[in-house]
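> The structure under discussion is supplied below as structure tokens; questions concerning it will follow.
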Amino acid sequence: MPDLLELLGQRPVVCAEGYLFECERRGYLQAGAFVPEVVLDHPEVVEGLHREFVHAGSDVVEAFTYYGHREKLRVLGKEDVLEPLNRQALSIAGRVARETGTLLAGNLCNTNVYEPGPDGERRVRPVFEEQVAWAAEAGADFIIAETFGWAGEALLALEAIRAAGLPAVITFAVHRDGTLRDVTNPADACRQAEQAGASVVGLNCIRGPQTMLPLLAPIREAVSCPVAALPVPYRTTDEQPSFQSLRDPGRGGAQAFPTALDPFTCTREELGEFAAAALALGVEYLGVCCGAGPHHIRAVAEAVGRVPAASRYSPDMSKHSFLGSAPGITQSYREYAPNL
Ligand SMILES: [Zn+2]
């Protein structure tokens with residue numbers, strides 16, 4: 001298996017994310033806290049999901065350590081599971097990556113305690129350093145540091161990854177107003193991360209295809225390294241550009257985030273169209289974040305020219321009993337199709 005940058009030199013790379021939401025939806029993780037204790041409680045669920053995403057076309061198996069860091073576990077009073085959780089997540093992901101010939105990614109994310117200044121830095125550095133050390137020991141091919149609303153916090157994560165000698169994918173979370181919390185233009189934050197040694201920079205989470213796509217061209221323009229784009233699969237709009245801002249008219253305008261987003265879910269075709277449009281802009285590291293299902297990942301993979309194992313089962317409506325046109329479809333049933 002080539003390493004991440006070699007692979008990106010050959011073709012687009014697909015990376016499935018969104019493990020928190022998918023494990024929550026399946027009933028193995030609690031919304032609110034969003035801590036991945038499922039890697040200890042039900043490792044078979046996490047392993048199965050890794051395998052489904054690879055089957056659907058993910059080139060990367062991302063260890064499920066999102067929100068499995070010291071600060072998040074401190075809030076829950078569960079710091080004792082910090083190290084076992086991280087080691088177990090890396091071991092599960094590593095097994096799947098080795099067996100499927102894909103890349104193993106460690107994972108760092110927003111700590112939700114960072115503030116600019118020396119106190120914030122002192123607090124988050126050790127959070128990142130210990131997670132990077134566990135990922136390096138587990139043989140991670142690279143580390144994804146993701147969902148940062150603060151450029152400063154992302155740069156601290158990057159520093160920890162570079163100190164361990166590993167390639168880093170740095171992706172920022174752009175909320176409602178289109179800026180980061182400490183940098184107005186996300187493209188400037190991406191440039192800073194590239195200059196500080198990131199191998200890939202870009203955006204993940206928060207925004208759906210419609211409201212992430214317009215942010216990508218300025219990023220592509222600002223950097224020379226590969227660019228990443230991993231939207232959430234929800235129909236965000238100019239008025240409600242983040243999935244947290246979506247309000248459901250079917251429920252009296254109630255907030256849909258995080259457990260009532262279903263009516264806003266994008267079709268697989270919409271994710272495929274996003275991936276093709278992003279690729280046309282020169283964005284070559286593509287995926288889907290919170291809300292992703294294997295059908296979304298397959299659509300992204302196929303849109304960038306991949307033929308994953310799951311493509312064997314991609315739709316062929318010519319064989320449908322009413323809507324199809326293949327030989328053997330009963331003519332009178334085809335004629336009845338408009339009445340369906
Ligand atoms: Zn996400």
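Simple scheme: letters A, B, ... for chains in structure tokens order, numbers from 1 for residues in each chain, numbers from 1 for ligands in the order shown.
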Neighbours of ligand 1 within 6 Å, counting only C-alpha atoms and all ligand atoms, as a compact mmCIF listing (two decimals) with N, CA, C and O atoms, in the first residue's frame?


```txt
# COMPACT_ATOMS: atom_id res chain seq x y z
N GLY A 18 -17.60 10.12 10.45
CA GLY A 18 -18.98 10.08 10.92
C GLY A 18 -19.31 8.90 11.82
O GLY A 18 -20.47 8.51 11.95
N CYS A 205 -17.05 18.29 8.44
CA CYS A 205 -18.19 18.41 9.35
C CYS A 205 -18.95 19.74 9.19
O CYS A 205 -18.66 20.56 8.33
N CYS A 289 -18.79 13.27 6.64
CA CYS A 289 -18.66 13.28 8.10
C CYS A 289 -20.00 12.88 8.73
O CYS A 289 -20.75 12.10 8.15
N CYS A 290 -20.31 13.42 9.92
CA CYS A 290 -21.46 13.01 10.75
C CYS A 290 -22.73 12.80 9.93
O CYS A 290 -23.21 13.75 9.28
```

> Show which residues sit within 7 Å of A:Ala160, as a compact mmCIF listing (two decimals) with all heavy atoms, in the first residue's frame. Count only C-alpha atoms, and ignore same-chain residues fewer than 2 positions away.


```
# COMPACT_ATOMS: atom_id res chain seq x y z
N PHE A 128 -3.27 16.30 23.13
CA PHE A 128 -2.88 15.85 21.79
C PHE A 128 -1.66 14.93 21.84
O PHE A 128 -1.60 13.92 21.14
CB PHE A 128 -2.56 17.06 20.89
CG PHE A 128 -3.77 17.93 20.61
CD1 PHE A 128 -3.64 19.31 20.51
CD2 PHE A 128 -5.02 17.37 20.42
CE1 PHE A 128 -4.74 20.12 20.24
CE2 PHE A 128 -6.14 18.17 20.15
CZ PHE A 128 -5.99 19.54 20.06
N GLU A 129 -0.70 15.28 22.70
CA GLU A 129 0.56 14.51 22.71
C GLU A 129 0.33 13.06 23.08
O GLU A 129 0.88 12.15 22.49
CB GLU A 129 1.57 15.17 23.67
CG GLU A 129 2.20 16.41 23.04
CD GLU A 129 2.94 17.30 24.03
OE1 GLU A 129 2.98 16.96 25.25
OE2 GLU A 129 3.47 18.34 23.59
N VAL A 132 -1.41 11.23 20.17
CA VAL A 132 -0.47 11.01 19.07
C VAL A 132 0.48 9.86 19.41
O VAL A 132 0.76 9.00 18.57
CB VAL A 132 0.33 12.30 18.77
CG1 VAL A 132 1.51 11.99 17.85
CG2 VAL A 132 -0.57 13.35 18.12
N LEU A 156 -1.78 23.53 17.20
CA LEU A 156 -1.19 22.77 18.32
C LEU A 156 -1.28 21.27 18.06
O LEU A 156 -0.34 20.52 18.35
CB LEU A 156 -1.91 23.11 19.63
CG LEU A 156 -1.71 24.54 20.14
CD1 LEU A 156 -2.60 24.78 21.36
CD2 LEU A 156 -0.24 24.79 20.50
N ALA A 157 -2.40 20.83 17.52
CA ALA A 157 -2.54 19.40 17.17
C ALA A 157 -1.50 19.03 16.12
O ALA A 157 -0.83 17.99 16.22
CB ALA A 157 -3.95 19.13 16.64
N LEU A 158 -1.34 19.92 15.13
CA LEU A 158 -0.37 19.67 14.06
C LEU A 158 1.05 19.57 14.62
O LEU A 158 1.83 18.71 14.21
CB LEU A 158 -0.48 20.81 13.03
CG LEU A 158 0.53 20.83 11.89
CD1 LEU A 158 0.48 19.53 11.07
CD2 LEU A 158 0.26 22.02 10.96
N ARG A 162 3.51 16.43 14.04
CA ARG A 162 4.80 16.58 13.36
C ARG A 162 5.95 16.18 14.28
O ARG A 162 6.95 15.64 13.81
CB ARG A 162 4.99 18.03 12.86
CG ARG A 162 3.97 18.46 11.82
CD ARG A 162 3.91 17.51 10.61
NE ARG A 162 5.15 17.54 9.86
CZ ARG A 162 5.68 16.47 9.23
NH1 ARG A 162 5.07 15.31 9.28
NH2 ARG A 162 6.81 16.57 8.57
N ALA A 163 5.80 16.43 15.57
CA ALA A 163 6.85 16.03 16.51
C ALA A 163 7.01 14.52 16.54
O ALA A 163 8.10 14.00 16.82
CB ALA A 163 6.52 16.55 17.92
N ALA A 164 5.94 13.80 16.22
CA ALA A 164 6.03 12.34 16.19
C ALA A 164 6.45 11.84 14.80
O ALA A 164 6.57 10.63 14.58
CB ALA A 164 4.68 11.73 16.56
```

> From the list A:Ala292, A:Leu213, A:Val232, A:Ala309, which residue is nearest A:Glu22 when using only C-alpha atoms?

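Using only C-alpha atoms, the shortest distance to A:Glu22 belongs to A:Ala292.
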
> Can you tell me, as a list in words, what residues are no more than 9 Å from A:Glu273 when counting only C-alpha atoms, ignoring any on the same chain fewer than 3 positions away?

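Selected residues are Pro209, Arg268, Glu269, Glu270, Ala276, Ala277, Ala278, Ala299, Val300 and Ala303 of chain A.
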
> Residues of the last selection are to be written out with N, CA, C and O atoms, as a compact mmCIF listing (two decimals), in the first residue's frame.


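The result, written out as out.txt:
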```txt
# COMPACT_ATOMS: atom_id res chain seq x y z
N PRO A 209 -23.13 19.61 1.70
CA PRO A 209 -22.51 19.83 0.39
C PRO A 209 -22.75 21.23 -0.17
O PRO A 209 -21.84 21.88 -0.67
N ARG A 268 -27.72 9.86 -1.82
CA ARG A 268 -26.39 9.44 -2.25
C ARG A 268 -25.97 10.22 -3.51
O ARG A 268 -24.81 10.55 -3.69
N GLU A 269 -26.96 10.50 -4.38
CA GLU A 269 -26.64 11.24 -5.62
C GLU A 269 -26.10 12.63 -5.30
O GLU A 269 -25.18 13.12 -5.94
N GLU A 270 -26.68 13.27 -4.28
CA GLU A 270 -26.20 14.61 -3.91
C GLU A 270 -24.74 14.57 -3.43
O GLU A 270 -23.95 15.47 -3.72
N ALA A 276 -17.92 15.05 -7.22
CA ALA A 276 -17.48 15.35 -8.59
C ALA A 276 -17.16 16.84 -8.73
O ALA A 276 -16.16 17.22 -9.35
N ALA A 277 -18.00 17.69 -8.14
CA ALA A 277 -17.78 19.14 -8.24
C ALA A 277 -16.52 19.55 -7.49
O ALA A 277 -15.74 20.39 -7.96
N ALA A 278 -16.31 18.95 -6.31
CA ALA A 278 -15.10 19.27 -5.53
C ALA A 278 -13.86 18.81 -6.27
O ALA A 278 -12.84 19.52 -6.33
N ALA A 299 -21.12 6.39 -3.11
CA ALA A 299 -21.42 7.41 -4.13
C ALA A 299 -20.23 8.35 -4.33
O ALA A 299 -19.91 8.72 -5.46
N VAL A 300 -19.57 8.72 -3.24
CA VAL A 300 -18.38 9.57 -3.35
C VAL A 300 -17.28 8.82 -4.09
O VAL A 300 -16.65 9.35 -5.02
N ALA A 303 -18.05 8.53 -7.74
CA ALA A 303 -17.99 9.84 -8.41
C ALA A 303 -16.57 10.26 -8.74
O ALA A 303 -16.35 11.07 -9.64
```

> So that I can check the surroundings of A:Pro263, please list as a PyMOL selection string every protein, DNA and RNA residue that reaches within 10 Å of it, counting only C-alpha atoms and ignoring chain neighbours fewer than 3 positions away.

chain A and resi 234-235+248-250+256+260+266

> How would the residues just picked look written out with C-alpha atoms as a compact mmCIF listing (two decimals), in the first residue's frame?


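Generated output (again-v1.txt):
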```
# COMPACT_ATOMS: atom_id res chain seq x y z
CA TYR A 234 -27.49 17.17 5.23
CA ARG A 235 -29.27 19.77 3.11
CA ASP A 248 -37.45 21.57 10.83
CA PRO A 249 -40.69 23.09 9.49
CA GLY A 250 -42.30 19.68 10.04
CA ALA A 256 -32.95 19.28 14.13
CA ALA A 260 -33.76 14.75 14.33
CA CYS A 266 -28.92 14.13 1.43
```

> Per DSSP on the backbone, what are the alpha helix (DSSP H) residues of stretch 49-155 of chain A, as an NGL selection string?

:A and (49-55 or 70-75 or 82-100 or 118-137 or 151-155)

> State, in Å with one decimal place, the distance from atom CA of A:Ala56 to atom CA of A:Pro294.

5.6 Å

> Could you give me, as a PyMOL selection string, the residues within 8 Å of A:Glu302, counting only C-alpha atoms and dropping anything in the same chain fewer than 4 positions from it?

chain A and resi 272+298+306-308+311

> Please produce an output containing all heavy atoms for each residue in the selection, written as a short mmCIF file (atom, residue, chain, number, x, y, z; two decimals), in the first residue's frame.


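The result, stored in part.cif:
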```cif
data_model
loop_
_atom_site.label_atom_id
_atom_site.label_comp_id
_atom_site.auth_asym_id
_atom_site.auth_seq_id
_atom_site.Cartn_x
_atom_site.Cartn_y
_atom_site.Cartn_z
N GLY A 272 -22.56 12.29 -4.36
CA GLY A 272 -21.77 12.01 -5.56
C GLY A 272 -21.54 13.27 -6.38
O GLY A 272 -20.43 13.55 -6.85
N ARG A 298 -20.00 5.11 -0.88
CA ARG A 298 -19.90 4.48 -2.21
C ARG A 298 -20.15 5.51 -3.31
O ARG A 298 -19.47 5.51 -4.34
CB ARG A 298 -20.90 3.33 -2.33
CG ARG A 298 -20.83 2.64 -3.70
CD ARG A 298 -21.75 1.44 -3.79
NE ARG A 298 -23.15 1.80 -3.62
CZ ARG A 298 -24.15 0.92 -3.54
NH1 ARG A 298 -23.89 -0.39 -3.60
NH2 ARG A 298 -25.40 1.32 -3.38
N ARG A 306 -13.67 5.55 -8.61
CA ARG A 306 -13.32 4.29 -7.93
C ARG A 306 -14.42 3.25 -8.18
O ARG A 306 -15.59 3.60 -8.43
CB ARG A 306 -13.19 4.52 -6.42
CG ARG A 306 -12.22 5.61 -6.03
CD ARG A 306 -10.78 5.26 -6.33
NE ARG A 306 -10.37 4.04 -5.64
CZ ARG A 306 -9.45 3.19 -6.10
NH1 ARG A 306 -8.84 3.40 -7.22
NH2 ARG A 306 -9.15 2.11 -5.40
N VAL A 307 -14.05 1.99 -8.07
CA VAL A 307 -15.03 0.92 -8.16
C VAL A 307 -14.86 0.02 -6.93
O VAL A 307 -14.21 -1.01 -6.98
CB VAL A 307 -14.85 0.09 -9.46
CG1 VAL A 307 -15.97 -0.94 -9.59
CG2 VAL A 307 -14.82 1.00 -10.68
N PRO A 308 -15.43 0.45 -5.79
CA PRO A 308 -15.27 -0.34 -4.57
C PRO A 308 -16.03 -1.67 -4.66
O PRO A 308 -16.86 -1.84 -5.55
CB PRO A 308 -15.87 0.56 -3.49
CG PRO A 308 -16.81 1.47 -4.20
CD PRO A 308 -16.23 1.67 -5.58
N SER A 311 -19.67 -1.66 -5.21
CA SER A 311 -20.23 -1.27 -6.51
C SER A 311 -20.89 -2.46 -7.22
O SER A 311 -21.72 -2.25 -8.11
CB SER A 311 -19.14 -0.68 -7.41
OG SER A 311 -18.73 0.57 -6.92
#
```

> When you look at stretch 169-176 of chain A with a cut-off of 6 Å (counting only C-alpha atoms), what residues show up, excluding the ones that are within fewer than 4 positions of it in the same chain? I need them as a list in words.

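Near stretch 169-176 of chain A, the qualifying residues are Ile144, Ala145, Glu146, Thr147, Phe148, Gly149, Leu180, Ser199, Val200, Val201, Gly202, Leu203, Asn204, Pro241 and Ser242 of chain A.
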
> Those residues with N, CA and C atoms, as a PDB file, in the first residue's frame please?


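Printed below is selection.pdb as written:
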```
ATOM      1  N   ILE A 144      -5.326  12.234  11.383  1.00  0.00           N
ATOM      2  CA  ILE A 144      -6.329  13.229  11.014  1.00  0.00           C
ATOM      3  C   ILE A 144      -6.609  14.070  12.267  1.00  0.00           C
ATOM      4  N   ALA A 145      -6.411  15.382  12.146  1.00  0.00           N
ATOM      5  CA  ALA A 145      -6.791  16.292  13.239  1.00  0.00           C
ATOM      6  C   ALA A 145      -7.941  17.131  12.698  1.00  0.00           C
ATOM      7  N   GLU A 146      -9.116  17.001  13.288  1.00  0.00           N
ATOM      8  CA  GLU A 146     -10.324  17.465  12.602  1.00  0.00           C
ATOM      9  C   GLU A 146     -11.287  18.275  13.471  1.00  0.00           C
ATOM     10  N   THR A 147     -12.169  18.938  12.761  1.00  0.00           N
ATOM     11  CA  THR A 147     -13.310  19.640  13.346  1.00  0.00           C
ATOM     12  C   THR A 147     -12.864  20.775  14.270  1.00  0.00           C
ATOM     13  N   PHE A 148     -11.834  21.504  13.830  1.00  0.00           N
ATOM     14  CA  PHE A 148     -11.340  22.620  14.647  1.00  0.00           C
ATOM     15  C   PHE A 148     -11.980  23.936  14.234  1.00  0.00           C
ATOM     16  N   GLY A 149     -12.653  24.573  15.171  1.00  0.00           N
ATOM     17  CA  GLY A 149     -13.190  25.909  14.958  1.00  0.00           C
ATOM     18  C   GLY A 149     -12.146  26.973  15.246  1.00  0.00           C
ATOM     19  N   LEU A 180     -13.586  31.059  10.988  1.00  0.00           N
ATOM     20  CA  LEU A 180     -13.148  30.328  12.178  1.00  0.00           C
ATOM     21  C   LEU A 180     -13.196  31.295  13.356  1.00  0.00           C
ATOM     22  N   SER A 199       0.197  17.865   5.666  1.00  0.00           N
ATOM     23  CA  SER A 199       0.282  17.237   4.342  1.00  0.00           C
ATOM     24  C   SER A 199      -0.968  17.511   3.519  1.00  0.00           C
ATOM     25  N   VAL A 200      -2.111  17.588   4.193  1.00  0.00           N
ATOM     26  CA  VAL A 200      -3.402  17.828   3.547  1.00  0.00           C
ATOM     27  C   VAL A 200      -4.152  18.810   4.443  1.00  0.00           C
ATOM     28  N   VAL A 201      -4.835  19.782   3.862  1.00  0.00           N
ATOM     29  CA  VAL A 201      -5.631  20.731   4.647  1.00  0.00           C
ATOM     30  C   VAL A 201      -7.015  20.885   4.023  1.00  0.00           C
ATOM     31  N   GLY A 202      -7.988  21.262   4.820  1.00  0.00           N
ATOM     32  CA  GLY A 202      -9.320  21.463   4.255  1.00  0.00           C
ATOM     33  C   GLY A 202     -10.384  21.592   5.317  1.00  0.00           C
ATOM     34  N   LEU A 203     -11.580  21.111   4.978  1.00  0.00           N
ATOM     35  CA  LEU A 203     -12.752  21.284   5.840  1.00  0.00           C
ATOM     36  C   LEU A 203     -13.412  19.942   6.111  1.00  0.00           C
ATOM     37  N   ASN A 204     -13.984  19.813   7.317  1.00  0.00           N
ATOM     38  CA  ASN A 204     -14.836  18.649   7.593  1.00  0.00           C
ATOM     39  C   ASN A 204     -15.989  19.072   8.488  1.00  0.00           C
ATOM     40  N   PRO A 241     -26.776  27.482   7.150  1.00  0.00           N
ATOM     41  CA  PRO A 241     -25.607  26.889   6.483  1.00  0.00           C
ATOM     42  C   PRO A 241     -24.913  25.756   7.240  1.00  0.00           C
ATOM     43  N   SER A 242     -25.253  25.596   8.550  1.00  0.00           N
ATOM     44  CA  SER A 242     -24.617  24.535   9.337  1.00  0.00           C
ATOM     45  C   SER A 242     -25.687  23.541   9.769  1.00  0.00           C
TER      46      SER A 242
END
```

> Determine the nearest neighbour of A:Gln192 from the options A:Val223, A:His50, A:Pro258, A:Ala93, counting only C-alpha atoms.

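Of all the options, A:Val223 lies closest to A:Gln192.
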
> With only C-alpha atoms as the counted atoms, please give the residues lying no more than 9 Å from stretch 98-113 of chain A, apart from itself and same-chain residues fewer than 5 positions off, as number ranges by chain.

A: 1-4, 51, 54-55, 58-72, 90, 93, 120, 123-124, 127-128, 131-132, 134-136, 138-150, 153-154, 157
